[in-house]
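Shown here: protein-v8.txt, compact mmCIF, C-alpha atoms.
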# COMPACT_ATOMS: atom_id res chain seq x y z
CA MET C 1 18.11 -19.39 18.21
CA ALA C 2 14.87 -17.64 17.25
CA LYS C 3 13.11 -15.59 19.86
CA PRO C 4 10.45 -17.64 21.71
CA VAL C 5 6.81 -16.64 21.40
CA THR C 6 4.28 -17.14 24.16
CA GLY C 7 0.84 -18.29 23.07
CA LYS C 8 -2.05 -20.13 24.66
CA SER C 9 -0.19 -23.43 24.46
CA GLY C 10 3.13 -22.15 25.86
CA GLU C 11 6.43 -21.07 24.28
CA PHE C 12 7.61 -22.04 20.81
CA HIS C 13 9.96 -20.68 18.16
CA LEU C 14 9.25 -19.46 14.63
CA SER C 15 11.54 -22.25 13.40
CA ASP C 16 9.18 -24.76 15.06
CA VAL C 17 6.26 -23.70 12.85
CA PRO C 18 5.61 -26.16 9.99
CA ARG C 19 6.40 -24.84 6.50
CA THR C 20 3.30 -23.40 4.93
CA SER C 21 4.04 -23.65 1.21
CA ASN C 22 0.81 -25.60 0.64
CA ARG C 23 -1.39 -22.82 2.04
CA ARG C 24 -3.08 -20.19 -0.10
CA LEU C 25 -1.34 -16.83 -0.32
CA ALA C 26 -2.93 -13.38 -0.06
CA VAL C 27 -1.46 -9.95 -0.71
CA TYR C 28 -3.38 -7.30 1.23
CA ALA C 29 -2.71 -3.65 0.34
CA ILE C 30 -3.59 -1.01 2.95
CA GLY C 31 -4.22 2.48 1.59
CA GLY C 32 -2.18 5.34 3.04
CA ASN C 33 -5.26 7.57 2.88
CA ALA C 34 -7.20 4.92 4.80
CA LEU C 35 -4.61 5.05 7.58
CA SER C 36 -4.57 8.85 7.60
CA ASP C 37 -7.24 10.84 5.77
CA PRO C 38 -5.51 13.87 4.19
CA ALA C 39 -8.70 15.90 4.64
CA ALA C 40 -9.10 15.13 8.37
CA VAL C 41 -7.41 16.91 11.28
CA GLY C 42 -7.20 16.70 15.06
CA SER C 43 -9.07 14.18 17.17
CA ASP C 44 -11.39 13.23 14.33
CA ALA C 45 -8.40 12.12 12.25
CA SER C 46 -6.97 10.08 15.13
CA ALA C 47 -10.30 8.38 15.85
CA ALA C 48 -10.81 7.55 12.18
CA ALA C 49 -7.29 6.12 11.84
CA GLU C 50 -7.83 3.99 14.95
CA MET C 51 -11.03 2.49 13.53
CA VAL C 52 -9.36 1.74 10.20
CA MET C 53 -6.38 0.10 11.87
CA GLU C 54 -8.63 -2.17 13.94
CA ALA C 55 -10.55 -3.19 10.83
CA VAL C 56 -7.33 -3.93 8.93
CA LEU C 57 -5.96 -6.09 11.75
CA GLU C 58 -9.20 -8.06 11.97
CA ASP C 59 -9.06 -8.63 8.20
CA VAL C 60 -5.52 -10.02 8.48
CA VAL C 61 -6.40 -12.45 11.26
CA ASP C 62 -9.57 -13.48 9.41
CA LEU C 63 -7.44 -14.31 6.35
CA LEU C 64 -5.03 -16.35 8.47
CA GLU C 65 -7.89 -18.28 10.01
CA ALA C 66 -9.32 -18.86 6.54
CA GLY C 67 -6.07 -20.64 5.63
CA TYR C 68 -4.10 -17.91 3.88
CA ARG C 69 -0.51 -16.86 4.31
CA VAL C 70 -0.51 -13.05 4.28
CA VAL C 71 1.73 -10.37 2.78
CA LEU C 72 0.84 -6.83 3.84
CA THR C 73 1.72 -3.67 1.95
CA HIS C 74 0.70 -0.12 2.82
CA GLY C 75 0.58 3.37 1.37
CA ASN C 76 2.22 6.44 2.85
CA GLY C 77 1.04 9.40 0.76
CA PRO C 78 -0.24 11.58 3.62
CA GLN C 79 2.58 10.54 5.95
CA VAL C 80 5.51 11.09 3.58
CA GLY C 81 4.00 14.44 2.60
CA GLU C 82 3.95 15.52 6.24
CA MET C 83 7.62 14.52 6.60
CA LEU C 84 8.52 16.62 3.57
CA LEU C 85 6.67 19.61 5.00
CA MET C 86 8.62 19.33 8.25
CA GLU C 87 11.91 18.97 6.38
CA GLU C 88 11.24 21.99 4.21
CA ALA C 89 10.22 24.09 7.21
CA LEU C 90 13.44 23.11 9.00
CA PHE C 91 15.55 23.82 5.91
CA ASP C 92 13.92 27.24 5.44
CA ASN C 93 14.71 28.24 9.03
CA ARG C 94 18.27 26.94 9.29
CA GLU C 95 21.10 28.66 7.45
CA GLY C 96 23.97 26.47 6.31
CA GLY C 97 22.12 23.26 7.15
CA PRO C 98 22.14 20.05 5.10
CA GLU C 99 20.21 19.82 1.87
CA PRO C 100 16.83 18.06 2.11
CA ALA C 101 17.24 14.28 2.17
CA GLY C 102 14.86 13.53 -0.71
CA LEU C 103 11.76 11.44 -1.23
CA ASP C 104 13.49 8.05 -1.21
CA HIS C 105 14.81 8.73 2.31
CA TRP C 106 11.40 9.71 3.62
CA VAL C 107 9.76 6.68 1.99
CA ALA C 108 12.30 4.57 3.88
CA ALA C 109 11.55 6.47 7.10
CA THR C 110 7.80 5.99 6.82
CA GLN C 111 8.32 2.30 6.02
CA GLY C 112 9.95 2.10 9.42
CA THR C 113 7.45 4.18 11.40
CA LEU C 114 4.29 2.75 9.85
CA GLY C 115 5.77 -0.75 9.75
CA HIS C 116 6.56 -0.53 13.45
CA GLU C 117 3.05 0.66 14.27
CA ILE C 118 1.25 -1.94 12.16
CA ALA C 119 3.48 -4.84 13.21
CA THR C 120 3.26 -4.03 16.91
CA ARG C 121 -0.51 -3.75 16.81
CA LEU C 122 -0.85 -6.93 14.74
CA ASP C 123 1.40 -8.87 17.12
CA SER C 124 -0.97 -7.99 19.96
CA VAL C 125 -4.06 -9.06 18.02
CA LEU C 126 -2.43 -12.34 16.97
CA THR C 127 -1.52 -13.14 20.57
CA ARG C 128 -5.00 -12.25 21.80
CA ARG C 129 -6.61 -14.52 19.24
CA GLY C 130 -4.23 -17.39 19.94
CA ARG C 131 -2.36 -17.30 16.65
CA HIS C 132 1.27 -18.45 16.40
CA GLU C 133 2.46 -16.20 13.56
CA GLN C 134 5.10 -13.53 14.01
CA VAL C 135 5.13 -10.33 11.96
CA ALA C 136 8.27 -9.45 9.99
CA THR C 137 8.72 -5.95 8.57
CA ILE C 138 11.12 -5.62 5.63
CA LEU C 139 12.67 -2.38 4.44
CA THR C 140 11.91 -2.98 0.76
CA ARG C 141 13.72 -1.50 -2.24
CA VAL C 142 11.96 -1.41 -5.60
CA GLU C 143 13.70 -0.82 -8.90
CA VAL C 144 12.25 1.74 -11.31
CA ASP C 145 13.33 3.01 -14.73
CA GLY C 146 15.05 6.38 -14.48
CA SER C 147 13.67 7.31 -17.91
CA ASP C 148 10.05 6.55 -16.95
CA GLU C 149 7.77 9.26 -18.37
CA ALA C 150 6.25 9.68 -14.89
CA PHE C 151 9.21 11.89 -13.97
CA SER C 152 7.96 14.49 -16.43
CA GLN C 153 4.28 14.00 -15.53
CA PRO C 154 3.90 13.99 -11.72
CA SER C 155 0.56 12.49 -10.62
CA LYS C 156 0.94 10.84 -7.19
CA PRO C 157 -0.76 12.88 -4.40
CA ILE C 158 1.18 13.25 -1.16
CA GLY C 159 0.67 15.27 2.01
CA PRO C 160 -2.45 17.03 3.32
CA LEU C 161 -4.92 19.14 1.37
CA ILE C 162 -3.54 22.54 0.38
CA ASP C 163 -5.49 25.40 1.98
CA ASP C 164 -3.67 28.28 0.30
CA LEU C 165 -2.44 27.71 -3.24
CA ASP C 166 -0.65 31.07 -3.20
CA ALA C 167 1.56 30.02 -0.28
CA ILE C 168 3.10 26.87 -1.76
CA PRO C 169 6.72 26.74 -3.06
CA GLU C 170 7.18 27.35 -6.77
CA SER C 171 8.90 23.98 -7.15
CA TRP C 172 5.76 22.04 -6.18
CA ASN C 173 3.42 20.40 -8.66
CA VAL C 174 -0.23 20.48 -7.57
CA GLY C 175 -3.01 18.12 -8.62
CA ILE C 176 -6.74 18.27 -7.93
CA THR C 177 -7.98 15.12 -6.17
CA ALA C 178 -11.55 14.18 -5.25
CA ALA C 179 -10.97 15.76 -1.81
CA GLY C 180 -9.22 18.90 -3.09
CA PRO C 181 -5.78 20.17 -4.16
CA ARG C 182 -2.68 18.24 -3.02
CA ARG C 183 0.97 18.16 -3.93
CA VAL C 184 1.78 15.57 -6.61
CA VAL C 185 5.10 13.86 -7.35
CA ALA C 186 6.49 11.41 -9.88
CA SER C 187 5.14 7.86 -9.60
CA PRO C 188 7.18 5.57 -11.90
CA ARG C 189 6.11 1.99 -12.51
CA PRO C 190 7.87 -0.66 -10.42
CA GLN C 191 10.14 -3.01 -12.38
CA SER C 192 11.38 -5.48 -9.77
CA ILE C 193 11.40 -6.12 -6.02
CA LEU C 194 15.04 -6.24 -4.89
CA ASP C 195 14.19 -7.93 -1.60
CA ALA C 196 11.84 -10.58 -3.02
CA ASP C 197 13.98 -13.50 -1.82
CA ALA C 198 13.75 -12.27 1.77
CA ILE C 199 9.96 -12.04 1.47
CA ASP C 200 9.81 -15.62 0.16
CA ALA C 201 12.02 -16.91 2.97
CA LEU C 202 9.92 -15.32 5.70
CA LEU C 203 6.69 -16.59 4.17
CA ALA C 204 8.14 -20.10 4.05
CA ALA C 205 8.97 -19.78 7.76
CA GLY C 206 5.35 -18.94 8.58
CA ALA C 207 5.62 -15.19 9.16
CA VAL C 208 3.12 -12.50 8.24
CA VAL C 209 5.28 -10.26 6.03
CA LEU C 210 4.89 -6.47 6.02
CA CYS C 211 6.79 -5.11 3.01
CA ALA C 212 6.97 -2.48 0.25
CA GLY C 213 5.60 0.24 2.54
CA GLY C 214 4.76 3.38 0.61
CA GLY C 215 5.27 1.48 -2.64
CA GLY C 216 8.84 0.59 -1.72
CA ILE C 217 12.00 2.70 -1.68
CA PRO C 218 12.51 3.79 -5.31
CA VAL C 219 15.96 2.97 -6.69
CA VAL C 220 17.56 2.99 -10.13
CA SER C 221 20.46 0.94 -11.43
CA GLY C 222 23.60 2.93 -12.20
CA ASP C 223 27.28 2.35 -12.95
CA SER C 224 28.07 1.98 -9.24
CA GLY C 225 25.00 -0.07 -8.34
CA PHE C 226 21.57 0.93 -7.10
CA GLU C 227 20.83 4.41 -5.81
CA GLY C 228 17.73 6.19 -4.54
CA ILE C 229 15.69 8.48 -6.75
CA GLU C 230 13.17 11.26 -6.12
CA ALA C 231 9.80 9.53 -6.50
CA VAL C 232 6.96 7.74 -4.71
CA ILE C 233 5.87 4.45 -6.25
CA ASP C 234 2.18 3.64 -6.17
CA LYS C 235 1.59 0.98 -3.51
CA ASP C 236 -1.16 -0.74 -5.50
CA ARG C 237 1.15 -1.23 -8.48
CA VAL C 238 3.82 -2.68 -6.20
CA SER C 239 1.23 -4.90 -4.50
CA SER C 240 0.16 -6.24 -7.88
CA LEU C 241 3.78 -6.90 -8.87
CA ILE C 242 4.43 -8.73 -5.59
CA ALA C 243 1.26 -10.81 -6.02
CA GLN C 244 2.37 -11.80 -9.52
CA SER C 245 5.96 -12.49 -8.46
CA ILE C 246 5.16 -14.77 -5.52
CA GLY C 247 2.21 -16.57 -7.12
CA ALA C 248 -0.50 -15.19 -4.85
CA ASN C 249 -4.00 -16.66 -4.98
CA LEU C 250 -5.61 -13.45 -3.79
CA LEU C 251 -4.96 -9.71 -4.17
CA ILE C 252 -6.95 -7.35 -1.97
CA ILE C 253 -6.81 -3.61 -2.58
CA SER C 254 -8.11 -2.11 0.67
CA THR C 255 -9.10 1.54 0.49
CA ALA C 256 -11.37 4.16 2.03
CA ILE C 257 -13.85 3.74 -0.87
CA ASP C 258 -16.06 0.68 -0.53
CA THR C 259 -16.45 -0.14 -4.24
CA ILE C 260 -15.32 0.88 -7.69
CA ARG C 261 -17.76 3.36 -9.20
CA ILE C 262 -18.28 5.06 -12.53
CA ASP C 263 -19.52 8.65 -12.91
CA PHE C 264 -18.20 9.20 -9.38
CA GLY C 265 -19.90 12.13 -7.62
CA LYS C 266 -22.46 12.64 -10.39
CA PRO C 267 -26.22 11.96 -10.35
CA SER C 268 -25.50 9.05 -12.72
CA GLU C 269 -22.98 7.42 -10.34
CA GLN C 270 -23.05 3.62 -10.45
CA ILE C 271 -21.66 1.10 -7.96
CA LEU C 272 -19.94 -1.86 -9.61
CA SER C 273 -19.86 -5.07 -7.57
CA SER C 274 -17.96 -6.84 -10.36
CA LEU C 275 -16.04 -5.66 -13.36
CA SER C 276 -14.78 -7.68 -16.31
CA LEU C 277 -11.35 -7.11 -17.78
CA ALA C 278 -12.89 -5.65 -20.92
CA GLU C 279 -15.25 -3.35 -19.00
CA ALA C 280 -12.45 -2.11 -16.75
CA ALA C 281 -10.22 -1.36 -19.75
CA THR C 282 -13.04 0.56 -21.45
CA HIS C 283 -13.75 2.65 -18.36
CA LEU C 284 -10.03 3.42 -18.01
CA ASP C 285 -9.89 4.59 -21.63
CA ASP C 286 -12.99 6.74 -21.03
CA GLY C 287 -11.30 8.54 -18.11
CA GLN C 288 -13.61 7.14 -15.43
CA PHE C 289 -10.67 6.39 -13.11
CA PRO C 290 -8.35 9.40 -12.53
CA ALA C 291 -4.59 8.91 -12.57
CA GLY C 292 -4.14 10.31 -9.06
CA SER C 293 -6.74 8.12 -7.33
CA MET C 294 -8.67 5.13 -8.69
CA GLY C 295 -6.72 4.77 -11.95
CA PRO C 296 -3.62 3.01 -10.55
CA LYS C 297 -5.82 0.74 -8.42
CA VAL C 298 -7.83 -0.49 -11.39
CA GLU C 299 -4.72 -0.82 -13.58
CA SER C 300 -2.98 -2.82 -10.85
CA MET C 301 -5.96 -5.12 -10.45
CA LEU C 302 -6.11 -5.68 -14.22
CA ASP C 303 -2.37 -6.45 -14.39
CA ALA C 304 -2.71 -9.10 -11.69
CA LYS C 305 -5.80 -10.70 -13.23
CA ARG C 306 -4.24 -10.77 -16.71
CA HIS C 307 -1.08 -12.34 -15.31
CA ASP C 308 -3.04 -15.08 -13.55
CA PRO C 309 -6.73 -15.41 -14.51
CA LYS C 310 -7.21 -17.78 -11.55
CA MET C 311 -6.13 -15.15 -9.02
CA SER C 312 -8.99 -13.58 -7.04
CA VAL C 313 -8.67 -9.79 -7.28
CA VAL C 314 -10.91 -7.53 -5.17
CA LEU C 315 -11.19 -3.98 -3.89
CA CYS C 316 -12.93 -3.28 -0.58
CA LYS C 317 -12.98 -1.23 2.61
CA PRO C 318 -10.91 -2.34 5.61
CA GLY C 319 -12.92 -4.87 7.60
CA GLU C 320 -14.67 -6.32 4.55
CA ALA C 321 -12.00 -8.68 3.20
CA LEU C 322 -13.87 -11.96 3.68
CA PRO C 323 -17.24 -10.62 2.43
CA ALA C 324 -15.41 -9.22 -0.62
CA ILE C 325 -13.84 -12.61 -1.37
CA ARG C 326 -17.35 -14.12 -1.24
CA GLY C 327 -18.72 -11.42 -3.57
CA GLN C 328 -20.83 -9.84 -0.80
CA ALA C 329 -18.92 -6.55 -0.63
CA GLY C 330 -16.46 -4.46 -2.63
CA THR C 331 -15.69 -4.98 -6.31
CA SER C 332 -14.26 -8.11 -7.93
CA ILE C 333 -12.37 -8.24 -11.23
CA ILE C 334 -13.63 -11.15 -13.32
CA ASN C 335 -12.45 -12.62 -16.63

Could the structure of this file be written out as C-alpha cells, please?
Amino acid sequence: MAKPVTGKSGEFHLSDVPRTSNRRLAVYAIGGNALSDPAAVGSDASAAAEMVMEAVLEDVVDLLEAGYRVVLTHGNGPQVGEMLLMEEALFDNREGGPEPAGLDHWVAATQGTLGHEIATRLDSVLTRRGRHEQVATILTRVEVDGSDEAFSQPSKPIGPLIDDLDAIPESWNVGITAAGPRRVVASPRPQSILDADAIDALLAAGAVVLCAGGGGIPVVSGDSGFEGIEAVIDKDRVSSLIAQSIGANLLIISTAIDTIRIDFGKPSEQILSSLSLAEAATHLDDGQFPAGSMGPKVESMLDAKRHDPKMSVVLCKPGEALPAIRGQAGTSIIN
C-alpha cells in the first residue's frame, strides 16, 4: 500500500488521487548555475542558492495551482565539477587507489544529492500550501550517440571558475564563459530517455516528477547493452526532448539570466521579450548565443517549438514562471 500523506484534510494515499491526464503539462528546467553560481563562494553563495531555491519552489506550486502537472529537471554543472575536483585530489594523494569513477558516475551521484534536496524542500512547501502531490525523483538514463562530434569538441562548462590556468591538469579542456574560464567537457545530444515510461506512470498517478538531473546519466548502446560514457548532457536539450516526448503544453527554461539578449555585455545590448523562430535561428547563425551558455538554451527552445507550434516555450528567472507565461517577464519563442 502506498505511504499515506497528511494534508489539511487528513491522510490519503497517492493511489487515491484522481488521474490527471486531462490537465496541462509543464516541463520546468532549473539551471545548475542558478542553484550554485560558479563565480560565488562562501556565505554569499549559500544565501544566493537559498533565494533561488525558494523562488523555484514557489514557481512549481504556482504552476500546480494554475492547473499544470509538473516535470522538473535540473542542471549540475557546478556541482559535478566540484565532485570531479574532489575525486582527482583524492586520486592524486592515494597510491594504488581505484581509478576515477568517471563523469557518468558523478552525474548519477549529483542526481541523487540534488534530487534529494529539491524533493525534500518541495515536499515541505506542498504540505504548507495544502497541496496533495508527492514528489518522485527518478535516476534517469539518457542515450547518446558514441560517435557524436561533441566528444571531439568539448563545450559544456563544469565546476567553479579557474583562478590559475597554469595549475590545471594537462588533460583538461578549458573554455571562456561570460563569468570567466571554466573546465569544459563533451556534451553530446540526447537521443532517447530510457526511463520515459516510469516518468509517464508517475505523472498519471499525480506526482510531481523530478528527473533527468544534470541532463541525465549519459549511456551508449553496445554489444552487451547500455553502458555509461564520459560526458555531461545539456539539461536544456534533455528538457526539450522530454517536453516533446510526453506532449507537454509548456516548456520553461529557468536560468540566472532574466531574458534572452543580443550583443550581450556590449553598449548595443538588447533585451528580447519575444523571439520568432526565424529571428532566433538568424541570431544563432550570427554567433549571438555562445555554445557554452545561451546557445543550447535557444536551440532547445527552438526544437520544442518546431516540434509542437502550440507549445508555450519561455525562458525566465526563477520566481517569474507565471509572469513569463503571460508575456510579462522573460522571453517567449513565437511562431

Counting only C-alpha atoms, the residue of C:Leu322, C:Met86, C:Leu272, C:Ala212 that sits nearest Val60 of chain C: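 Using only C-alpha atoms, the shortest distance to Val60 of chain C belongs to C:Leu322.
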
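By all atoms listed in the file, and with residues fewer than 3 positions from Ser273 of chain C along its chain excluded, the set lying at most 12 Å from it is Asp258, Thr259, Ile260, Arg261, Ile262, Gln270, Ser276, Val314, Leu315, Cys316, Pro323, Ala324, Ile325, Arg326, Gly327, Gln328, Ala329, Gly330, Thr331, Ser332, Ile333 and Ile334 of chain C.
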
Within-12 Å shell of (7.6, 5.0, -9.8) in input frame, all atoms listed in the file, as a PDB file with C-alpha atoms, in the coordinates of the input:
ATOM      1  CA  LEU C 103      11.760  11.440  -1.230  1.00  0.00           C
ATOM      2  CA  ASP C 104      13.490   8.050  -1.210  1.00  0.00           C
ATOM      3  CA  ARG C 141      13.720  -1.500  -2.240  1.00  0.00           C
ATOM      4  CA  VAL C 142      11.960  -1.410  -5.600  1.00  0.00           C
ATOM      5  CA  GLU C 143      13.700  -0.820  -8.900  1.00  0.00           C
ATOM      6  CA  VAL C 144      12.250   1.740 -11.310  1.00  0.00           C
ATOM      7  CA  ASP C 145      13.330   3.010 -14.730  1.00  0.00           C
ATOM      8  CA  GLY C 146      15.050   6.380 -14.480  1.00  0.00           C
ATOM      9  CA  SER C 147      13.670   7.310 -17.910  1.00  0.00           C
ATOM     10  CA  ASP C 148      10.050   6.550 -16.950  1.00  0.00           C
ATOM     11  CA  GLU C 149       7.770   9.260 -18.370  1.00  0.00           C
ATOM     12  CA  ALA C 150       6.250   9.680 -14.890  1.00  0.00           C
ATOM     13  CA  PHE C 151       9.210  11.890 -13.970  1.00  0.00           C
ATOM     14  CA  SER C 152       7.960  14.490 -16.430  1.00  0.00           C
ATOM     15  CA  GLN C 153       4.280  14.000 -15.530  1.00  0.00           C
ATOM     16  CA  PRO C 154       3.900  13.990 -11.720  1.00  0.00           C
ATOM     17  CA  SER C 155       0.560  12.490 -10.620  1.00  0.00           C
ATOM     18  CA  LYS C 156       0.940  10.840  -7.190  1.00  0.00           C
ATOM     19  CA  VAL C 185       5.100  13.860  -7.350  1.00  0.00           C
ATOM     20  CA  ALA C 186       6.490  11.410  -9.880  1.00  0.00           C
ATOM     21  CA  SER C 187       5.140   7.860  -9.600  1.00  0.00           C
ATOM     22  CA  PRO C 188       7.180   5.570 -11.900  1.00  0.00           C
ATOM     23  CA  ARG C 189       6.110   1.990 -12.510  1.00  0.00           C
ATOM     24  CA  PRO C 190       7.870  -0.660 -10.420  1.00  0.00           C
ATOM     25  CA  GLN C 191      10.140  -3.010 -12.380  1.00  0.00           C
ATOM     26  CA  SER C 192      11.380  -5.480  -9.770  1.00  0.00           C
ATOM     27  CA  GLY C 214       4.760   3.380   0.610  1.00  0.00           C
ATOM     28  CA  GLY C 215       5.270   1.480  -2.640  1.00  0.00           C
ATOM     29  CA  GLY C 216       8.840   0.590  -1.720  1.00  0.00           C
ATOM     30  CA  ILE C 217      12.000   2.700  -1.680  1.00  0.00           C
ATOM     31  CA  PRO C 218      12.510   3.790  -5.310  1.00  0.00           C
ATOM     32  CA  VAL C 219      15.960   2.970  -6.690  1.00  0.00           C
ATOM     33  CA  VAL C 220      17.560   2.990 -10.130  1.00  0.00           C
ATOM     34  CA  GLY C 228      17.730   6.190  -4.540  1.00  0.00           C
ATOM     35  CA  ILE C 229      15.690   8.480  -6.750  1.00  0.00           C
ATOM     36  CA  GLU C 230      13.170  11.260  -6.120  1.00  0.00           C
ATOM     37  CA  ALA C 231       9.800   9.530  -6.500  1.00  0.00           C
ATOM     38  CA  VAL C 232       6.960   7.740  -4.710  1.00  0.00           C
ATOM     39  CA  ILE C 233       5.870   4.450  -6.250  1.00  0.00           C
ATOM     40  CA  ASP C 234       2.180   3.640  -6.170  1.00  0.00           C
ATOM     41  CA  LYS C 235       1.590   0.980  -3.510  1.00  0.00           C
ATOM     42  CA  ASP C 236      -1.160  -0.740  -5.500  1.00  0.00           C
ATOM     43  CA  ARG C 237       1.150  -1.230  -8.480  1.00  0.00           C
ATOM     44  CA  VAL C 238       3.820  -2.680  -6.200  1.00  0.00           C
ATOM     45  CA  PRO C 296      -3.620   3.010 -10.550  1.00  0.00           C
TER      46      PRO C 296
END

Using all atoms listed in the file: which of C:Leu275, C:Leu84, C:Ala207, C:Ala109 has the shortest distance to Ala136 of chain C: C:Ala207

Residue nearest Gly319 of chain C among C:Ala278, C:Ile168, C:Leu64, C:Ala256 (counting only C-alpha atoms):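 Closest to Gly319 of chain C, using only C-alpha atoms: C:Ala256.
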
Contact residues around segment 67-69 of chain C with all atoms listed in the file at 10 Å, ignoring same-chain residues under 2 positions, as a list in words: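 Near neighbours after the sequence-gap exclusion: Thr20, Ser21, Asn22, Arg23, Arg24, Leu25, Ala26, Val27, Val60, Val61, Asp62, Leu63, Leu64, Glu65, Val71, Glu133, Leu203, Ala204, Gly206, Ala207, Val208, Val209, Ala248, Asn249 and Leu250 of chain C.
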
Around all listed atoms of segment 70-89 of chain C, padded 5 Å per side, what centre and edge lengths does the axis-aligned box have in Å to one decimal, as JSON?
{"center_x": 5.7, "center_y": 5.5, "center_z": 4.5, "size_x": 22.4, "size_y": 47.1, "size_z": 17.5}
